[in-house]
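Engineer: The structure follows.
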Amino acid sequence: MANTSQQYDSIIARCRTLFNNKMQDYGSAWRILRLPSLTDQIFIKAQRIRSLQTNEIRKVDEDERSEFVGIINYAVMALIQIELGVVDQPDLDAQKAVSLYDEKIAETKQLMEAKNHDYGEAWREMRVSSLTDLILQKLLRVKQIEDNKGKTIVSEGIDANYQDMINYAVFALILMESV
């Protein structure tokens, strides 16, 4: 599992660099996005991945990797929004945003390590397309929870679903690099 930790960190380092660079370009304009908007952005990316996996013809020369990175970064933004709430104007400088990013990733990686221990790295035998489907399933769950105004009876909360999406996307990127 030490290898998984290193691979995880390598993927996240690339995602974090992109997040930081976009913070330099755009600031924290994303702070105005409500959770359903972030969920929809992730949904668009997951649907695009599924299309790329099923369609033989591509009209835009991109692969799934950039979309998985987008899922990771939007899900981290969602976790930050859950903690801080939505604002009317951008309110985070790049340093604070990246610090919050690191905090949310550390929590998410800790969850991954616990689940990875219990599941015995079963994800390594999965197909990338299955991980895509699991992300889409998590998105549909989040949409239902959002439609229920955040109320659940027995289910984990929205934050756990975003964390699972991050971890599934990292796993997919690791698997894609392994072939």
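By convention in this document, the chains of the structure tokens carry letters A, B, ... by their order, each chain's residues are numbered from 1, and ligands are numbered from 1 in the order they are shown.
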Taking only C-alpha atoms into account, produce a table as a Markdown table in which each residue of region 109-161 of chain A with an atom at most 8 Å from an atom of region 47-50 of chain A appears once, together with its shortest atom pair and the distance in Å to one decimal, ordered by chain and rising number.
Structural biologist:
```
| residue | atom | partner | partner_atom | distance |
| --- | --- | --- | --- | --- |
| A:Ser129 | CA | A:Arg50 | CA | 7.3 |
| A:Thr132 | CA | A:Arg50 | CA | 6.7 |
| A:Asp133 | CA | A:Arg50 | CA | 7.8 |
| A:Leu136 | CA | A:Gln47 | CA | 7.6 |
```
Engineer: For the residues selected in the previous step, produce a file with N, CA and C atoms as a PDB file, in the first residue's frame.
Structural biologist:
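See part_23.pdb below for the written result:
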```pdb
ATOM      1  N   SER A 129     -13.669   2.232 -16.488  1.00  0.00           N
ATOM      2  CA  SER A 129     -15.085   2.492 -16.783  1.00  0.00           C
ATOM      3  C   SER A 129     -15.967   2.223 -15.562  1.00  0.00           C
ATOM      4  N   THR A 132     -15.661   5.158 -13.303  1.00  0.00           N
ATOM      5  CA  THR A 132     -16.478   6.239 -13.861  1.00  0.00           C
ATOM      6  C   THR A 132     -17.934   6.054 -13.451  1.00  0.00           C
ATOM      7  N   ASP A 133     -18.431   4.841 -13.582  1.00  0.00           N
ATOM      8  CA  ASP A 133     -19.820   4.564 -13.214  1.00  0.00           C
ATOM      9  C   ASP A 133     -20.054   4.803 -11.721  1.00  0.00           C
ATOM     10  N   LEU A 136     -20.413   8.463 -11.198  1.00  0.00           N
ATOM     11  CA  LEU A 136     -21.752   8.892 -11.635  1.00  0.00           C
ATOM     12  C   LEU A 136     -22.813   8.488 -10.614  1.00  0.00           C
TER      13      LEU A 136
END
```
Engineer: Go through region 31-135 of chain A and flag each residue having an atom no more than 12 Å from region 139-143 of chain A; for those, report the closest pair of atoms plus their distance in Å to one decimal, using only C-alpha atoms, ordered by chain and rising number, as CSV.
Structural biologist:
```
residue,atom,partner,partner_atom,distance
A:Leu35,CA,A:Lys143,CA,9.5
A:Pro36,CA,A:Lys143,CA,7.2
A:Ser37,CA,A:Lys143,CA,10.3
A:Leu38,CA,A:Leu139,CA,10.5
A:Thr39,CA,A:Leu139,CA,6.8
A:Asp40,CA,A:Leu139,CA,8.4
A:Gln41,CA,A:Leu139,CA,10.3
A:Ile42,CA,A:Leu139,CA,7.8
A:Phe43,CA,A:Leu139,CA,6.5
A:Ile44,CA,A:Leu139,CA,10.3
A:Lys45,CA,A:Leu139,CA,11.0
A:Ala46,CA,A:Leu139,CA,8.9
A:Gln47,CA,A:Leu139,CA,10.5
A:Ile71,CA,A:Leu139,CA,10.8
A:Ala75,CA,A:Leu139,CA,10.5
A:Ala78,CA,A:Val142,CA,11.4
A:Thr132,CA,A:Leu139,CA,10.6
A:Asp133,CA,A:Leu139,CA,9.7
A:Leu134,CA,A:Leu139,CA,8.6
A:Ile135,CA,A:Leu139,CA,6.2
```
Engineer: Run DSSP on the backbone of this structure and report the residues of region 5-175 of chain A it assigns to helix (DSSP H, G or I), as a ChimeraX atom specification.
Structural biologist: /A:5-26,29-32,35-54,64-84,94-119,122-125,128-147,158-175
Engineer: Under the rule of at most 9 Å, produce a per-residue listing of region 54-111 of chain A near region 162-172 of chain A: chain, number, name, the closest pair of atoms, and the distance in Å, as a Markdown table, using only C-alpha atoms.
Structural biologist:
```
| residue | atom | partner | partner_atom | distance |
| --- | --- | --- | --- | --- |
| A:Arg65 | CA | A:Ala172 | CA | 8.6 |
| A:Phe68 | CA | A:Ala169 | CA | 5.4 |
| A:Val69 | CA | A:Ala169 | CA | 7.3 |
| A:Ile71 | CA | A:Ile166 | CA | 6.9 |
| A:Ile72 | CA | A:Ile166 | CA | 4.8 |
| A:Asn73 | CA | A:Ile166 | CA | 8.1 |
| A:Ala75 | CA | A:Tyr162 | CA | 5.5 |
| A:Val76 | CA | A:Tyr162 | CA | 7.6 |
| A:Ala78 | CA | A:Tyr162 | CA | 7.4 |
| A:Leu79 | CA | A:Tyr162 | CA | 7.1 |
| A:Lys104 | CA | A:Gln163 | CA | 8.7 |
| A:Ile105 | CA | A:Gln163 | CA | 8.5 |
| A:Glu107 | CA | A:Gln163 | CA | 8.5 |
| A:Thr108 | CA | A:Gln163 | CA | 5.5 |
| A:Lys109 | CA | A:Asn167 | CA | 7.5 |
| A:Leu111 | CA | A:Gln163 | CA | 8.0 |
```
Engineer: Deliver the residues from the most recent selection as a file, using N, CA and C atoms, as a compact mmCIF listing (two decimals), in the first residue's frame.
Structural biologist:
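New file result-v5.txt:
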```txt
# COMPACT_ATOMS: atom_id res chain seq x y z
N ARG A 65 -8.15 11.89 -18.81
CA ARG A 65 -7.29 12.33 -17.70
C ARG A 65 -7.65 13.73 -17.20
N PHE A 68 -10.88 13.67 -15.21
CA PHE A 68 -10.72 13.12 -13.86
C PHE A 68 -10.06 14.15 -12.94
N VAL A 69 -9.08 14.86 -13.45
CA VAL A 69 -8.45 15.93 -12.66
C VAL A 69 -9.49 16.98 -12.30
N ILE A 71 -12.69 16.52 -11.94
CA ILE A 71 -13.56 15.95 -10.90
C ILE A 71 -12.91 16.11 -9.53
N ILE A 72 -11.64 15.80 -9.45
CA ILE A 72 -10.92 15.93 -8.17
C ILE A 72 -10.98 17.37 -7.68
N ASN A 73 -10.63 18.31 -8.53
CA ASN A 73 -10.56 19.70 -8.09
C ASN A 73 -11.93 20.29 -7.77
N ALA A 75 -14.50 18.58 -6.71
CA ALA A 75 -14.95 17.94 -5.47
C ALA A 75 -14.26 18.56 -4.26
N VAL A 76 -12.99 18.91 -4.40
CA VAL A 76 -12.31 19.61 -3.31
C VAL A 76 -12.97 20.97 -3.07
N ALA A 78 -16.03 21.69 -3.57
CA ALA A 78 -17.29 21.40 -2.89
C ALA A 78 -17.07 21.16 -1.39
N LEU A 79 -16.03 20.41 -1.06
CA LEU A 79 -15.73 20.17 0.36
C LEU A 79 -15.41 21.48 1.08
N LYS A 104 -8.37 19.41 2.88
CA LYS A 104 -9.43 18.50 2.39
C LYS A 104 -8.83 17.25 1.75
N ILE A 105 -7.72 17.40 1.05
CA ILE A 105 -7.07 16.23 0.45
C ILE A 105 -6.50 15.33 1.54
N GLU A 107 -7.63 14.85 4.56
CA GLU A 107 -8.77 14.11 5.13
C GLU A 107 -9.24 13.01 4.17
N THR A 108 -9.28 13.33 2.90
CA THR A 108 -9.76 12.39 1.89
C THR A 108 -8.78 11.24 1.71
N LYS A 109 -7.49 11.54 1.75
CA LYS A 109 -6.49 10.48 1.63
C LYS A 109 -6.55 9.56 2.84
N LEU A 111 -9.17 8.82 4.56
CA LEU A 111 -10.33 7.96 4.31
C LEU A 111 -9.97 6.86 3.32
```
Engineer: In terms of the shortest atom-to-atom distance over only C-alpha atoms, which of A:Asp25, A:Ala160, A:His117, A:Ile80 is closest to Ser99 (chain A)?
Structural biologist: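 The answer is A:Ile80, which sits nearest to Ser99 (chain A).
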Engineer: Have a look at CA of Thr17 (chain A) and CA of Leu92 (chain A) and let me know their distance in Å, one decimal.
Structural biologist: 16.9 Å
Engineer: Which is closest to Glu125 (chain A) among A:Ile82, A:Leu100, A:Leu175, A:Ile57, if we use only C-alpha atoms?
Structural biologist: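 Smallest separation from Glu125 (chain A) among the options: A:Leu175.
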